[in-house]
Structure formats: structure tokens, C-alpha cells
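Novice: Here it is, the structure, as C-alpha cells.
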Amino acid sequence: MNRCSLWTAAAAAVLVMAACTKTQGPDYPIRDVPMASVRLTAGFWADRQATDASVTIRHEMKESERTGRIRNFELAAAALQGETGGKLQSSYAFDDSDVYKVIEAAAYVLTLKPDPELENNLDVWIQKITAAQEPDGYLYTARTINPANLPRMSGPERWVNLEDSHELYNVGHLYEAAAAHFQATGKRTLLNVALKSADFIAETFGPGDKQIKRVPGHEEIEIGLVKLYRLTGKKKYLDLAKFFVDQRGNAAGHDLYGEYAQDHKPVLQQDEAVGHAVRAAYLYSGAADVAALTGDDASWPALEKIWEDVVTRKLYLTGGIGSAGGIEGFGPAYDLGNETGYAETCATIAFALWNHRMFRRTGEAKYMDLFERAAMNAFLSGYGLSGDLFFYPNPLASRGETQRTPWFNCACCPPNVARFIAEMGGFAYAAAQDRVYINLFAQGTADIETDKGIVTLSQTTDYPWSGNVKIEIKSDKPAEWTLMVRIPGWAQGRPLPGGLYVYEDGTAEPVVLRVNGEPVEFQAEKGFAPVRRTWASGDTVDLLLPMPVRLVRAAPEVKADAGRAAVERGPLVYAAEFADNGGTVTNLMLNTGAPLTAEHRADILGGLTVVSGKATAYRMESGREMSAEVPLTLIPYYAWAHRGKGEMAVWLAVEKDKVRPTPEPTLASMSTVTASDGAKGLAGLNNLFEPERSIDHATGYAHWWPKNGTAEWVQLTFPKPATVSEVSVYWFDDTGAGECRVPVSWKVFSLSRDQWIPVRTKDRYGVEKDAYNTVRFIPVRTEALKIELLLPENFSSGIQEIKVK
């Protein structure tokens, strides 16, 4: 057996990895340089890959064990041996997919560097997965463990609830993991499981009279099937991927799932990004693969229209997608709230993968511009510097309630982060005939197969802190070919294609390109600088990308950013955070007339470049508004929330009416808040941010979701005893978007000699939405108040803000 491994000489790795791909026929015009042929040796991405390998993957393997995900495979295997009474140990029917993603990430690490302990641990997992597969190839622990006691989503029988069950989604990630594991180790153990599954599904689904014609509710299997096709050359896997893409939105075969699952009309007729953002971008990635590998150009116009819709109307400055948290997906055009921004980490990864495919189709640098922006901003926000903390959503502003966590019940993001970091080198370069593309700037080497032989490129750079990149060429013999060097859009005077965001100063300093020390004039071609010459070993290219600090403005249609500006330097979006700016940032107005300067600070968060400027800080004092000019410090957005919980903002006020003067402390804001079990977001209910409506997600709120129909309580303990006579409560209610409603009833109690006494009032305890509900009572002197509330049946409740007089 040929061992598709990286543990060989660099040039041989190119040929070995190519041998692992057995497909012939149509494909993308531009091919990947396999990650096995790329070594990131130092700097920004190399540091994160080192953390991924040493911390993240091992942490996620432990979490997979701790949370019962591996135990699920053991129980499924036991059930196949006749044991009964088992129960799914983790939270969701799609938790198998997290295990597969961790395996895929670990396989990429093994591709880059041998690690016998890690490989042995994977072998143990794979044995358990193999034992959990049913004889016909079906693999879905949620059902196999106990068909008589199925978890939510699964459906009473195989395949009958594909809209929610994730049966096909799970194995899509299995296929990706199996391909990666085989290419890293040469072992067929997991690949055999994947092929058995794929063969079974290819028999079960398709256009035949006796085949099922439904599609997965959550797209992903299309991508996995394409990887199996590339690995084996078996066309039935590509045919099945094409069937799932073509059948989507086709009512002749299944009841349509609607816009949430991009199943409202055929893909060829879609022209707008709708629904769940991860599902959508996985679909568009899979559809691109199918179009490229079948030579069917019919899909490209639809994919380009959808891409235009995202980039010109639905994209955050950070490269994140999906503004609607209620559906984890796309909201209306230009609805890009900052505090409410969802921008799920998984969605950012999927968006980057889709852009990479669009680049390989067209050769246009704008797609890799977006890949870089998404990867360096929205994605990295989701990955803590320690390697074991994660964000699920990535808002562009915070009132201080947000922090990364080690894991989630719905843990799709952490293993997705691990695999994306590990394979980053595979996106850095590309090749087409006698053209070599440099897509990403990162220190390291790449061995690239061209029509003129194998070429080795070495980058030396401190990007993204510096725009200077030195490229050295090595080859066996001189040859004429074209080096295509990406000139980022930000270096050409535009932050993003499409005009949704623009630099306040639209001019751009000239980009300098030198070959062997001599300046080279170039005419950009699709965003790349083409340098064609006869290259020889020892030739060098120097790229100098100016990195001025730039102010960004959003299109006027983006109401959330009106009267505000953002700051960028190079590919990085910057943010103001509480730790650097006196504890608050919502009270600041950026002084646009003062210079913004960049300085690298080795003492902040492991070393990063900060931006300094001036701002006017506003505060309330004795009922009067006061202001003063203060220094302003900005850090890269991805680095926020590493120094405690506090305010953060990407879009800074440049107009006075967008500033929130720091209010004077109140009895409620100085109180310590506690609550009944299950309460979340307690810091939001006394943070002095005024909600606009009950459904407002931007100001911070407390809630008891998913509890419902229960009696709950919240307590305010004062810093010292006080005489109080009035409580006002602004209820949180997200009707139409979530499952919180105003409570059925509530009451106020005061603490007296360790006893909770109802306050004496004739007022009605109101439960109105979009207003404060105030209760006045006979004054009492107390050290604490407690509000008891009854949640409605089938719904939860929450509180936006509490005031006390």
C-alpha cells in the first residue's frame, strides 16, 4: 500500500499526495497545493498551529470523552451485541460529528508532524467507531444505542426526519475525517468505515424508483462525498453529491424544508443567501465542488449571485456572516447589528471555505481577500489564545456579558476551529499549469508542482504586523513560469469588494514589488501581481504592502453603523476594549481629527500591534454631562475578551448622539445580583443600559431559558441597607425570534431579619412589553430585595433591566 504521509522528503510529499487523488476529468482550473507540502515555520499562523497541536486537539479529545461522545460509540457497539436499555450520553443526535471533526483535525496535525501518542489515541477511537457501525453500513449512535428510546431530532425510523436528524450530516464529517486520516497515516481503518457507509447511502438515496429522494436538513455530506470521490475515483460518490445538490428545493420527491435549510427552491434558481448560515455556506461549497468536478457550469451564476448578496448586503466588517441569532443565520439585507451580531464561528469557517472554492474557479483575488479577512478576524475571535477557550457567536460589540468557554453542549465550533487551524497551510498557495499563486502571507516553505517541475517557495515575513514579505525561489533548474502574488484589496484602497464598507480616505499608497532587489512594474491581474520570468534558485521577490491605519465607514443602509467608524490596519479589524480605555468604551467618541498611530507591544497578550489615538469621554456627574479628551487604545478584534469581562466595540461613535455617557451609579447597579438555578446573563439586568424594546438583544438581559412553567427568583443585595419604595422591571420577550415571554405573574419581597416579607402595595404587578412595569410600595429599610416570578407554560422569561428607588 502506498503510504500517503508527510513523513518523507518535501519534494516527494508533493508526488505522494498527488497519488492519493485518483480522479480524472473536469476539476477546478486552479489546484490546491496540498497542506502536506506546506510548512508554516514561524509567526502568526505557525504559532496558532503549534497551540492547536499541543493544546486544542488534546483538550477536545478530553472533552469528547468527558461529555459522553465516545461513550456513545461504546454503547452503540454494545447494543449491536445484544445489550439493551442504553441511552445517549451527550446532548444531541449530531454529537457524533464532533468526534469526526476532532479526528480530522488530529489527522492534519499528523500530516504535518509525526506524533505516535496522538496516532495511537486515534486508533482506539476508530476501533470504537468501527464497532458501532451496523452491518449494512448505517452509523448513527443516537438510534443504534436504543431504537426504543430515541433522543429529540432522531425520528422514529431511519431517514424519516432528515430535516432535523443530522443522520447524513454526521457521516459527511465522517467522510472528511476518514480521507484526512488515510492521507496522514496510510491506514484504512476509518476509511473502510466511511466507504461502507457511503456505499450504503448511495444504494439508499438517489433518483431511482426505489431510492429515497429526500435531502439532508443540514448540508455537509456533499463535501464529504466529494473527498471520497477524489480519494477513490469512484464516480458514484460524486453522483450522490450531485443528487443531493440538485434535489434541494425540488418538491418532486420530498416535502420542502423551507428557507432555513435552503430548501425553498432549486439551487440553480436561488439568488439570495437565506436561512442557517453554516448550512448555507456548506451547501454553496458542496455545490461548487460538484460543478467543478462534473464540468457543469450551470451552478456558477447562482453561486455568484448568492455571493454578491452576502458581500454587498449581509457581511460583517470582520468577515463574519449570519446576523440573526434566532436562526443562527442570515437576517434581512443590511441588518448587521453589532451587539446582536451572531457571526457563528462555524459559519465564518464555512464562508472562508466557500470563498476558497470560488477563487479556484475564477482566479480572482477578491475571494482570498475575504478568506483572509474572515480567518484573521471573525474566525480568530472564536479561538482563545490559550487554545482551550472558544466563542460560538462573535458580536462586534459587547456590554461585558461575554466570555469564551472551554466547551458547549452544542459543540460544533471547537472541533471545527481545530481542523481549520491545522489545515491553514493548504490555503496559502495554489497552482495552475505554469502559474504559482501566493494567496496568504505566512512565514514558511511550500513545495509546489508545476508544469515546469517542482518549485520551492520560502516566505520570510512578520505579517500581519508588517507588510514586508520576502519570497525566495528554489528549483532544480531555471524555468520560465509566472508567480502570482496577491495584492490585498486593503492595500488597494478598499476593505472589501462590493462597496458595503469603504475607507474614509479612499486613496492607497503604492505597493512595491522587487525582484532580486530591482523594482518591478506590474499590472494587476484579477487582484494578483503577475511576475513572469525565467526563475532560478536563489531568486528573490520582495513585496512591500503599506499598512497605514485606516478609518472605515459602512454604507448608509447599515443603520447599526450610522454615525460610527471602524479602524483597520492591514488585514486586521481593530476594537476598543474596556481594559485599555478606563473601563468603558460606549462613552467614547473617536476624535477623527487626531492621528492614529500603530505600535507593536510585546507586553500585551503575547505581542500584538496596537493603535493609539484620541477620544472624548462623556460621563454624568451630579445630573450634568461632563466630557474630557482621553487617550484611546485599540487592539486587534480577534484579541478581545482575554482580560476579563467588559465593554468592547468595533464601530466607534463619531457623532455625539451615538455616545452613551457613563451614567452615575444607582442602588440597583451597585447591587450584587443572584438568582435561582439556571439563570443566565445576570450582569445584564442592572448594567444601566436602557432597552429600546423587550426584544432588544443589544443591552444585555437575564433569562431562565430553557426552563418553563416554573417559579424563579432574582435577588438584589445592596452594598449597605437602604430605604426603598419602588421597583421597576423591564421584561425581556423575544416573541417571533425565541422562546422567552413575559411572566405570568411576579411579586417583590424585602429582607427583614432573615425573612422575606412581601412589600405592601396596592399597585398592579404589570407584565407589559416594551415598557418599565413599576410597583410602588410602603417604604421599607432593607439590605436586599427579591423578585419572584412565574414562568409561563411552554415558555421561559427574562429581564432586561431593574431599577430601584
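Labels used: A, B, ... for chains in the order of the C-alpha cells, numbers from 1 for residues in each chain, and numbers from 1 for ligands as shown.
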Can you pull out every residue from range 200-419 of chain A that DSSP, working from the backbone, puts in strand (DSSP E or B), and format the result as a list in words?

Specialist: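 These are the residues in question: Phe205, Ile212, Gly258, Asp263, His276, Leu315, Ile321, Ala324, Gly329, Tyr383, Phe390, Ala397, Ser398, Arg399 and Thr405 of chain A.
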
Novice: Could you please take those selected residues and save all heavy atoms as an mmCIF file, in the first residue's frame?

Specialist:
```
data_model
loop_
_atom_site.group_PDB
_atom_site.id
_atom_site.type_symbol
_atom_site.label_atom_id
_atom_site.label_comp_id
_atom_site.auth_asym_id
_atom_site.auth_seq_id
_atom_site.Cartn_x
_atom_site.Cartn_y
_atom_site.Cartn_z
ATOM 1 N N PHE A 205 -30.169 6.328 -1.335
ATOM 2 C CA PHE A 205 -30.625 7.623 -1.834
ATOM 3 C C PHE A 205 -30.272 7.782 -3.307
ATOM 4 O O PHE A 205 -29.223 7.296 -3.766
ATOM 5 C CB PHE A 205 -29.971 8.761 -1.041
ATOM 6 C CG PHE A 205 -30.449 8.893 0.374
ATOM 7 C CD1 PHE A 205 -29.895 8.104 1.371
ATOM 8 C CD2 PHE A 205 -31.451 9.778 0.705
ATOM 9 C CE1 PHE A 205 -30.325 8.212 2.688
ATOM 10 C CE2 PHE A 205 -31.894 9.904 2.009
ATOM 11 C CZ PHE A 205 -31.336 9.102 3.003
ATOM 12 N N ILE A 212 -34.662 6.690 -1.890
ATOM 13 C CA ILE A 212 -35.191 7.844 -1.153
ATOM 14 C C ILE A 212 -34.734 9.123 -1.852
ATOM 15 O O ILE A 212 -33.577 9.242 -2.255
ATOM 16 C CB ILE A 212 -34.696 7.829 0.305
ATOM 17 C CG1 ILE A 212 -35.229 6.582 1.022
ATOM 18 C CG2 ILE A 212 -35.129 9.099 1.043
ATOM 19 C CD1 ILE A 212 -34.655 6.402 2.421
ATOM 20 N N GLY A 258 -37.914 24.494 3.484
ATOM 21 C CA GLY A 258 -38.021 25.942 3.527
ATOM 22 C C GLY A 258 -36.681 26.651 3.517
ATOM 23 O O GLY A 258 -35.619 26.041 3.377
ATOM 24 N N ASP A 263 -33.917 25.032 1.239
ATOM 25 C CA ASP A 263 -34.673 24.003 0.531
ATOM 26 C C ASP A 263 -36.006 24.568 0.060
ATOM 27 O O ASP A 263 -37.009 23.873 0.007
ATOM 28 C CB ASP A 263 -34.896 22.796 1.465
ATOM 29 C CG ASP A 263 -35.417 21.567 0.725
ATOM 30 O OD1 ASP A 263 -34.976 21.325 -0.408
ATOM 31 O OD2 ASP A 263 -36.269 20.855 1.288
ATOM 32 N N HIS A 276 -30.104 29.281 7.793
ATOM 33 C CA HIS A 276 -28.986 28.945 8.671
ATOM 34 C C HIS A 276 -27.672 29.129 7.922
ATOM 35 O O HIS A 276 -27.445 28.546 6.868
ATOM 36 C CB HIS A 276 -29.156 27.491 9.119
ATOM 37 C CG HIS A 276 -28.243 27.048 10.203
ATOM 38 N ND1 HIS A 276 -27.000 26.538 9.959
ATOM 39 C CD2 HIS A 276 -28.407 27.028 11.556
ATOM 40 C CE1 HIS A 276 -26.422 26.207 11.103
ATOM 41 N NE2 HIS A 276 -27.251 26.496 12.088
ATOM 42 N N LEU A 315 -22.749 41.047 5.122
ATOM 43 C CA LEU A 315 -21.442 40.647 5.632
ATOM 44 C C LEU A 315 -20.948 41.635 6.676
ATOM 45 O O LEU A 315 -20.978 42.845 6.464
ATOM 46 C CB LEU A 315 -20.440 40.580 4.475
ATOM 47 C CG LEU A 315 -19.013 40.155 4.813
ATOM 48 C CD1 LEU A 315 -18.980 38.716 5.316
ATOM 49 C CD2 LEU A 315 -18.114 40.308 3.594
ATOM 50 N N ILE A 321 -20.533 36.038 9.020
ATOM 51 C CA ILE A 321 -21.847 36.013 8.381
ATOM 52 C C ILE A 321 -22.881 35.482 9.365
ATOM 53 O O ILE A 321 -22.575 34.716 10.262
ATOM 54 C CB ILE A 321 -21.855 35.158 7.096
ATOM 55 C CG1 ILE A 321 -21.453 33.701 7.385
ATOM 56 C CG2 ILE A 321 -20.948 35.758 6.039
ATOM 57 C CD1 ILE A 321 -21.632 32.756 6.196
ATOM 58 N N ALA A 324 -28.671 36.938 12.422
ATOM 59 C CA ALA A 324 -29.901 36.575 13.125
ATOM 60 C C ALA A 324 -29.633 35.412 14.073
ATOM 61 O O ALA A 324 -29.580 34.250 13.659
ATOM 62 C CB ALA A 324 -31.001 36.221 12.131
ATOM 63 N N GLY A 329 -28.464 32.484 11.503
ATOM 64 C CA GLY A 329 -28.376 32.629 10.062
ATOM 65 C C GLY A 329 -28.507 34.050 9.569
ATOM 66 O O GLY A 329 -28.330 35.032 10.300
ATOM 67 N N TYR A 383 -11.477 31.763 18.754
ATOM 68 C CA TYR A 383 -10.430 30.854 19.209
ATOM 69 C C TYR A 383 -9.554 31.587 20.215
ATOM 70 O O TYR A 383 -8.772 32.454 19.855
ATOM 71 C CB TYR A 383 -9.595 30.405 18.006
ATOM 72 C CG TYR A 383 -8.515 29.381 18.275
ATOM 73 C CD1 TYR A 383 -8.703 28.341 19.166
ATOM 74 C CD2 TYR A 383 -7.300 29.451 17.603
ATOM 75 C CE1 TYR A 383 -7.725 27.396 19.390
ATOM 76 C CE2 TYR A 383 -6.302 28.503 17.813
ATOM 77 C CZ TYR A 383 -6.522 27.481 18.705
ATOM 78 O OH TYR A 383 -5.536 26.537 18.919
ATOM 79 N N PHE A 390 -13.342 29.099 23.681
ATOM 80 C CA PHE A 390 -13.958 29.342 22.383
ATOM 81 C C PHE A 390 -15.183 30.247 22.518
ATOM 82 O O PHE A 390 -15.868 30.241 23.533
ATOM 83 C CB PHE A 390 -14.390 28.019 21.741
ATOM 84 C CG PHE A 390 -13.303 26.986 21.706
ATOM 85 C CD1 PHE A 390 -13.156 26.084 22.755
ATOM 86 C CD2 PHE A 390 -12.419 26.920 20.648
ATOM 87 C CE1 PHE A 390 -12.144 25.136 22.739
ATOM 88 C CE2 PHE A 390 -11.404 25.981 20.618
ATOM 89 C CZ PHE A 390 -11.262 25.088 21.668
ATOM 90 N N ALA A 397 -19.725 44.105 19.231
ATOM 91 C CA ALA A 397 -19.771 44.972 20.406
ATOM 92 C C ALA A 397 -20.289 44.149 21.568
ATOM 93 O O ALA A 397 -21.057 43.204 21.394
ATOM 94 C CB ALA A 397 -20.666 46.188 20.172
ATOM 95 N N SER A 398 -19.848 44.508 22.761
ATOM 96 C CA SER A 398 -20.281 43.779 23.954
ATOM 97 C C SER A 398 -20.436 44.749 25.103
ATOM 98 O O SER A 398 -19.653 45.692 25.244
ATOM 99 C CB SER A 398 -19.255 42.698 24.314
ATOM 100 O OG SER A 398 -19.569 42.099 25.569
ATOM 101 N N ARG A 399 -21.435 44.499 25.920
ATOM 102 C CA ARG A 399 -21.641 45.297 27.123
ATOM 103 C C ARG A 399 -20.979 44.645 28.332
ATOM 104 O O ARG A 399 -21.176 45.095 29.461
ATOM 105 C CB ARG A 399 -23.142 45.481 27.366
ATOM 106 C CG ARG A 399 -23.880 46.118 26.196
ATOM 107 C CD ARG A 399 -23.415 47.532 25.923
ATOM 108 N NE ARG A 399 -23.935 48.066 24.686
ATOM 109 C CZ ARG A 399 -25.094 48.716 24.568
ATOM 110 N NH1 ARG A 399 -25.882 48.859 25.603
ATOM 111 N NH2 ARG A 399 -25.465 49.204 23.395
ATOM 112 N N THR A 405 -15.626 30.025 26.495
ATOM 113 C CA THR A 405 -15.818 28.876 27.360
ATOM 114 C C THR A 405 -15.062 27.673 26.798
ATOM 115 O O THR A 405 -14.756 27.618 25.603
ATOM 116 C CB THR A 405 -17.311 28.517 27.496
ATOM 117 O OG1 THR A 405 -17.837 28.227 26.194
ATOM 118 C CG2 THR A 405 -18.099 29.663 28.084
#
```

Novice: Residues of range 239-446 of chain A in helix (DSSP H, G or I) according to DSSP, as a ChimeraX atom specification?

Specialist: /A:239-247,259-261,267-269,277-294,299-313,345-362,365-381,413-422,424-427

Novice: Neighbouring residues of range 367-372 of chain A were defined as those with any atom within 6 Å, considering only C-alpha atoms; residues of the same chain fewer than 5 positions away were excluded. Please report them as a PyMOL selection string.

Specialist: chain A and resi 352+355+359+488

Novice: Since we have the selection now, will you write its residues out, keeping C-alpha atoms, as an mmCIF file, in the first residue's frame?

Specialist:
```cif
data_model
loop_
_atom_site.group_PDB
_atom_site.id
_atom_site.type_symbol
_atom_site.label_atom_id
_atom_site.label_comp_id
_atom_site.auth_asym_id
_atom_site.auth_seq_id
_atom_site.Cartn_x
_atom_site.Cartn_y
_atom_site.Cartn_z
ATOM 1 C CA ALA A 352 -13.946 31.006 4.097
ATOM 2 C CA ASN A 355 -14.530 31.689 -0.927
ATOM 3 C CA PHE A 359 -11.048 31.546 -6.077
ATOM 4 C CA PRO A 488 -4.861 42.537 -0.948
#
```

Novice: Restricting the calculation to only C-alpha atoms: of A:Pro216, A:Gly400, A:Glu117, A:Gly498, which residue gets closest to Thr699 in chain A?

Specialist: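 Nearest to Thr699 in chain A: A:Gly400.
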
Novice: By how many Å are CA of Ala711 in chain A and CA of Met153 in chain A apart?

Specialist: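 The value is 28.4 Å.
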
Novice: Which is closer to Asp696 in chain A than all the others in A:Thr666, A:Asn587, A:Thr735, A:Thr456, using only C-alpha atoms?

Specialist: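 Ranking A:Thr666, A:Asn587, A:Thr735, A:Thr456 by distance to Asp696 in chain A, first place goes to A:Thr735.
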